[in-house]
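Heads up, the thing below is written out as structure tokens.
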Amino acid sequence: MKKRLSPRFVAFAVLLFLHAALSIVYSLTTPLWESYDETGHYSYARYIAVNHALPPLGSTLEPYNESHQPPLYYVLVALPISLVDTSDNAQPRFAVGGGVYVVPDERIDAFPYHGTALALRLGRMTSVVLSTLCVAITYLTVVTALPRRYDVALLAAALYALWPLTLFLGGTITNDIGMAFFGSLTLLFTVRLWVSPLAGASAWRLRLDGAALAFCVAGAIMTKDSAIALLLFGTATVALLIIRLVRAGWWRVALQVALFYVVPLVVLVIAGGFLSEGRSLRQFNMTANYTSYLVSAGEATTGPVTASLQEKISFLFSNFFRYVWRITFETLFGTFGWGLLRMPTLWYDLAIVGVGVGSVGAAWFSIRRKKTRWLPLSLVMMLGFVALAPGVRTLTSSNLSLLNGRFLLPGLGALIILMAVGLTSLPRPFARIATTYTLAGIALVGIMSPSVVILPYYAKPVLLDPVAAPASMHVADPITYGGSIQLLGYTIPEGKISRGDIATIRLYWRSLRPLAKDYAVRVENFSLDGRSFQNGLNYTPGHSVFPTSFWKPGDTFAEDYYLPVGLDAPAPTLATFKVTWYDANRNNPLVQDLTPVCKDGRTCDPKVGQVAVALDSTATAQWSGKQALYRLGDHIELVDFQAPPVVRHGETVTLTLVWRANAAGLPALTTFVHLLSADNKMLGQIDSPPRNGLYPTNVWGAGEIIPDQYSFRVDPAAAPGAYRLVIGMYDSRTVQRVPAYNAGGAALPDDTITLLKLQVR
């Protein structure tokens with residue numbers, strides 16, 4: 001009679017298969033080289049596969065160099081790559097701007113794969129295997145720590161198997177997966193050391209587990225520089241175990257455990273340093289430099305080093321609860337591509353709730369179960385050591401990108417086991433609800449991300465009818481660039497924006513003839529008087545997946561461009577969009593490599609559309625609640641002004657006015673500023689739309705504050721004396737003045753506001 005497989009073994013096997021299958025799906029939906037530093041990781045592994053040796057020290061591999069890294073992971077990836085002929089030496093096509101780093105190229109990356117594409121796809125399978133082993137190790141760790149709690153072990157394995165970041169990176173070439181593997185192994189053997197009984201034959205188990213832990217830490221050191229964190233964690237665990245053994249009277253076993261850990265570790269680290277030509281020892285030198293920097297900065301009482309360190313620490317702590325923790329968690333839970341592709345915000349929120357509930361449950365577990373309290377404490381300790389490496393590097397380098405959650409992957413197993421223990425330790429009704437919610441949520445995110453997030457992001461733009469113009473498109477005079485690309489029109493959302501917002505424009509493109517080169521488009525905002533907003537953005541067309549060398553004559557598509565308007569933008573003003581094209585390979589966006597030609601056949605300034613840009617609320621706060629000094633009509637108020645009280649004849653007077661609009665949809669008005677003598681003789685004047693026409697009244701919005709400025713020259717023949725400085729407005733078409741009122745609502749003569757008596761000397 002055949003023995004039936006236990007349900008838990010079947011469930012465990014299904015989880016391993018599911019993780020491997022999903023990792024392969026992620027791998028196939030992610031374009032080649034489109035993962036963190038995969039261009040450099042692949043070139044390193046390919047060099048080893050082709051040359052059967054490490055790159056020479058100090059060499060730079062193209063197109064991106066990672067040859068300074070410890071080599072163990074790359075040796076493993078080189079094994080499947082060595083089976084493929086990569087003499088085609090296909091290179092990545094880098095995108096310009098946008099959210100894509102490497103342009104997907106179907107001419108290289110098409111099934112059936114061959115050459116470089118096949119090598120990359122096979123190399124990624126190394127990560128699939130290592131990532132799947134992490135799931136199995138997580139299961140074994142829980143079974144070791146909590147015997148017979150297979151429900152907790154299966155839950156932890158399921159959470160790890162469906163965690164989006166492990167699925168994504170598990171389908172790419174990255175040494176972060178190598179670190180996740182050795183981090184999981186390190187946690188397993190530290191747990192084995194801690195739970196081993198202190199009697200009889202278990203002494204040999206302690207010795208062997210100590211040696212195994214040394215192998216795990218040494219393997220991590222041969223994989224990535226951040227392995228110093230695992231070295232500290234493993235050594236701290238062994239030290240605590242030795243203290244425990246000595247207190248129990250097992251001093252001889254304690255000495256043996258120390259020897260079985262330290263001796264293999266030292267031998268392996270030295271051997272690894274020799275085999276890696278010093279690459280794996282680089283992290284010790286880096287750590288010494290970081291420590292030296294922190295110590296010297298902490299001991300100093302004055303000087304720029306102390307100030308710099310204090311500023312960094314203050315910045316991180318003051319902003320931790322604002323956004324630092326959020327960014328770190330989101331990048332640990334799952335961002336794709338080169339970290340530029342995020343999931344919907346709601347998905348992160350759901351995961352945060354699950355982790356939060358699990359953390360509360362872990363605290364409850366520690367309170368209720370004193371005998372196994374060591375487990376959550378050791379898991380938290382491992383997370384602390386793993387977070388130490390990127391944290392210290394951030395403080396010493398001012399590089400906030402080092403807070404990326406993927407650097408915490410060696411401790412992900414600890415976080416997930418902590419969650420599983422916590423979720424299952426809650427009171428029974430809550431435990432079932434929380435466990436179901438968390439597991440179902442993470443499972444849905446992990447399963448849906450390839451089809452809902454990744455595939456649409458890399459999809460080419462939908463081609464439009466080359467003849468019929470979209471109804472929403474504003475048809476301007478077409479602009480042709482280099483006789484090859486035509487700008488058919490544009491669409492701008494209605495309404496206005498404020499400084500700090502995003503200026504959005506949709507441009508409609510048509511290909512006129514084939515282009516052999518890849519050109520990038522640059523879109524930038526300018527005020528009507530030609531001042532740049534300094535917000536120019538550069539893009540590879542089609543959201544970085546449809547470069548111009550892919551275009552065919554007649555291809556027509558639309559693309560949205562999002563330009564951030566800075567708080568220093570020259571507002572309020574009407575802004576236009578300047579659109580140019582330049583050679584992406586030369587990478588000089590200020591040179592127009594495709595000459596713009598307008599309707600009359602002449603070279604033109606390629607600016608289209610207009611959007612009203614208002615001041616931000618911070619800049620206008622001082623006037624928003626201020627009582628009006630005067631009123632023009634029913635909807636315009638003068639809330640402040642500045643003018644020199646004394647000038648000399650022949651000098652230029654500069655007058656600053658601050659308007660407040662109480663309604664939108666005003667007619668186009670012109671402001672007049674006159675300097676009048678006692679007999680109403682004009683001795684200086686200027687008539688101009690507000691802000692010299694850059695921001696006319698017909699675009700003002702309700703409640704908006706508009707600072708305005710006018711300059712005029714005092715008549716050189718003006719005699720010394722006091723003159724009236726008066727202002728007002730009139731309709732630009734009918735020249736009829738707008739009624740003027742004082743603060744109390746009384747009508748003013750001639751619909752004119754007398755601001756002050758200006759002394760001319």
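Every chain in the structure tokens has a letter given in the order shown (A, B, ...), and although residue numbers restart at 1 in each chain, ligands are simply numbered from 1 in the order shown.
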
Original post:
If you count only C-alpha atoms, which residues fall within 7 Å of segment 403-413 of chain A, apart from same-chain ones fewer than 2 positions away, as JSON, numbers by chain?
Top reply: {"A": [138, 176, 179, 180, 183, 184, 328, 329, 331, 332, 382, 383, 386, 387, 390, 391, 400, 401, 415, 416, 417]}

Mind running segment 327-442 of chain A against segment 276-288 of chain A at 10 Å and telling me each contacting residue's nearest atom pair with the distance in Å (one decimal), counting only C-alpha atoms, chain and number ascending, as JSON lines?
{"residue": "A:Ala389", "atom": "CA", "partner": "A:Thr287", "partner_atom": "CA", "distance": 8.9}
{"residue": "A:Val392", "atom": "CA", "partner": "A:Thr287", "partner_atom": "CA", "distance": 9.1}
{"residue": "A:Arg393", "atom": "CA", "partner": "A:Thr287", "partner_atom": "CA", "distance": 9.0}

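Minimum atom-to-atom distances from A:Val611, A:Ala157, A:Ile243, A:Leu193 to Pro493 of chain A were compared using only C-alpha atoms, and the lowest value belongs to A:Val611.
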
**OP:** Extract, using only C-alpha atoms, all DNA, RNA and protein residues at most 6 Å from segment 501-517 of chain A, discarding same-chain residues fewer than 3 positions from it, and format them as a count of residues only.
**Re:** 25

Original post:
Taking the backbone alone, and naming residues the way the document does, which bits of segment 446-622 of chain A are strand (DSSP E) by DSSP, as a count of residues only?
Top reply: 64

**OP:** Mind checking which residues fall within 9 Å of Val639 of chain A, counting only C-alpha atoms, ignoring those fewer than 2 positions away in the same chain, and posting them as a ChimeraX atom specification?
**Re:** /A:623-624,626-631,637,641,657-660

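You will find atom CA of Asp605 of chain A at 10.8 Å from atom CA of Gln592 of chain A.
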
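Minimum atom-to-atom distance to Leu18 of chain A, evaluated using only C-alpha atoms, belongs to A:Gly446 out of A:Gly219, A:Gly446, A:Gly536, A:Gly356.
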
Subject >> Gap from atom CA of Val597 of chain A to atom CA of Trp581 of chain A - Å, one decimal >> reply: 12.2 Å

Rows by chain and residue number, segment 429-532 of chain A within 12 Å of segment 105-125 of chain A, shortest pair, only C-alpha atoms, as CSV:
residue,atom,partner,partner_atom,distance
A:Tyr458,CA,A:Asp105,CA,10.7
A:Ala459,CA,A:Asp105,CA,11.6
A:Lys460,CA,A:Asp105,CA,11.0

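Counting from atom CA of Val269 of chain A, the distance to atom CA of Phe385 of chain A is 19.6 Å.
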